[in-house]
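*Asks:* My structure is below; once you've seen it, I'll send some questions.
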Amino acid sequence: MTDLQTLADDELLRLTQAGDENAFTVLYRRHQGPVYRFAQRMSGSPSIADDVTQEVFLALMCEPGRYDASRGGLASYLYGIARNQVRRQLEHGKLHVPADAGADDAEADPIESVAVTTDPLGDLTLQEGLSTLRQAVTSLPLHYREVVALCDLEEMSYESAALILGCAVGTIRSRLHRAHALLVQKVREAREARRPAPAATAL
Amino acid sequence: MNCDEFESCLVDLAGPQGVGSAARTEALRHAIACPRCAARLADERALLAGLKALADGTRNDAAPARVESGLLGRFHELVPMKAATPAPLVGVASSSGLSWKTAAQLGLAASALLVLGWTLVRSNREAAVVDQPPISRSAESFEPPQQKVQKEGASRAEIVPFSLAPHETRRALRTPSTRRSARGSEARARSAARPASPSEGLGHRAVSAFERQTETPFLPFMAARPPLPSEQRQFVRIRLPRSALHVFGLPMNMERAAEPVHADVMLGEDGRALAVRFVND
């Protein structure tokens with residue numbers, strides 16, 4: 001298996017098609033992490049992420065001929081399947097995060113509502129801030145959540161994300177911009193909700 | 001730079017993608033002059049720091065081991081199917097762009113090969129009958145005379161027109177003479193297909209039964225989906241190592257282990273192999 005790890009994805013896939021279990025194992029271990037994390041960030045559920053990861057590699061195993069190397073790398077292809085699987089599960093109501101979460105927010109311009117306040121967000125790297133931010137990401141509309149998961153959390157380039165999501169680089173840029181504005185708004189709202197109510201004025 | 005222009009480059013300004021040095025200088029100069037945009041930049045930086053921390057905290061998250069073991073289990077189930085399916089033909093059949101002309105040409109070519117193959121098999125068998133020693137009594141009693149009729153019919157049924165609807169396929173596979181005994185012969189084939197226990201003394205008889213059969217019934221692949229009711233099917237004849245018989249629990253004549261065995265693979269509309277039958281030649 002040590003030699004197999006030096007092989008490129010295409011070669012491993014060819015060996016997998018020929019029935020080489022070790023090649024499939026190397027391929028799986030190479031790509032399962034990003035696929036799993038993407039599914040988890042999109043769904044907010046580890047069990048859904050398990051299912052999606054399994055479905056993605058099952059699809060690769062059953063229909064390896066569907067992968068076209070000329071249209072992008074194997075990682076992009078696997079992300080594409082994972083994305084479809086997450087969407088399918090959303091449509092079937094298997095996720096606790098609604099597919100159109102925050103859709104109303106998306107209609108309004110989030111930038112305007114955020115920009116009017118100068119109250120700083122505070123340190124989001126602390127535990128409480130991270131928890132709030134995680135919830136905010138999970139509640140984003142799907143098309144914004146995708147770009148945040150790929151570009152911010154997997155640190156993917158705009159070009160790679162555009163390839164996976166099947167849209168222009170400019171679309172990725174604008175979605176990311178709006179997604180960030182929405183996240184700022186949601187984090188701020190969550191902080192406001194946690195702030196203790198002011199004491200009633202004594203009459 | 002005005003506020004709109006600042007807003008449009010905000011993500012790149014704060015993030016790792018970056019902007020050109022000239023644009024960056026201009027944007028920062030605008031942020032100094034505009035408290036609203038300065039606050040937006042501060043928010044964006046705080047957000048990106050939070051997202052980076054979130055990414056770092058989950059960087060090593062991975063699917064649990066049970067996902068891998070489950071997938072490997074499925075891989076083992078699928079390997080016989082993949083081995084039995086000739087890759088180039090599956091590639092053609094599974095592509096959505098398969099034209100009816102290609103399918104017809106494929107069908108005609110395969111039909112011609114099947115006819116030719118059967119003619120050769122039949123002529124060889126007739127020649128063999130002349131040279132064969134008399135059949136032993138035990139072998140004769142194992143195979144009732146009715147099965148001989150079925151075998152004759154079944155061998156004709158081997159010339160199956162390609163892309164038949166399932167009901168047509170069934171009709172083509174079972175001629176009137178075979179229809180009468182089909183149920184019984186399938187039961188016999190299934191019993192022959194079961195790995196015989198040597199302790200029962202049936203091993204040799206099971207091998208003999210298979211050796212004397214023209215073909216087995218179609219045996220579904222374990223991981224294959226059931227054929228759809230209105231699905232068009234295609235049949236492809238391939239050669240496999242004789243050890244493939246073991247995979248399907250069929251008895252194998254060790255004396256002929258080095259010889260390949262012919263098999264007809266039933267393909268669905270999507271090009272997936274659904275079932276296989278082994279043909280004894």
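Naming works like this for the structure tokens: A, B, ... for the chains as they're shown, residue 1 at the start of each chain, ligands 1 onward in shown order.
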Find the residues near Asp61 (chain B): any atom within 7 Å, counting only C-alpha atoms, skip ones fewer than 2 places away on the same chain, and give them as a JSON list (two decimals) with C-alpha atoms, in the first residue's frame.
*Replies:*
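The resulting file, around_12.json, is reproduced below:
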[["chain", "number", "residue", "atom", "x", "y", "z"],
["A", 33, "GLY", "CA", -11.60, 13.92, 5.35],
["A", 37, "ARG", "CA", -15.99, 17.87, 6.83],
["B", 58, "THR", "CA", -12.17, 20.77, 12.69],
["B", 59, "ARG", "CA", -9.19, 20.29, 10.41]]
*Asks:* Could you please select, counting only C-alpha atoms, the residues of chain B within 9 Å of chain A and state them as a ChimeraX atom specification?
*Replies:* /B:7-12,16-17,35-40,42-44,46-56,58-64,67-68,70-72,74-76,78-80,82-83,87,91,94-95
*Asks:* Which polymer residues have any atom within 12 Å of an atom of Ser70 (chain A), counting only C-alpha atoms, with same-chain residues fewer than 5 positions away left out, as JSON, numbers by chain?
*Replies:* {"A": [10, 76, 77]}
*Asks:* Please save C-alpha atoms of the selected residues as an mmCIF file, in the first residue's frame.
*Replies:*
data_model
loop_
_atom_site.group_PDB
_atom_site.id
_atom_site.type_symbol
_atom_site.label_atom_id
_atom_site.label_comp_id
_atom_site.auth_asym_id
_atom_site.auth_seq_id
_atom_site.Cartn_x
_atom_site.Cartn_y
_atom_site.Cartn_z
ATOM 1 C CA ASP A 10 -6.459 8.707 -11.797
ATOM 2 C CA SER A 76 -13.783 18.416 -7.157
ATOM 3 C CA TYR A 77 -15.815 15.514 -8.476
#
*Asks:* Find the spatial neighbours of region 264-268 of chain B, counting only C-alpha atoms, within a cut-off of 7 Å - ignore same-chain residues fewer than 6 positions away - and output them as a PyMOL selection string.
*Replies:* chain B and resi 227+231-238+274-278
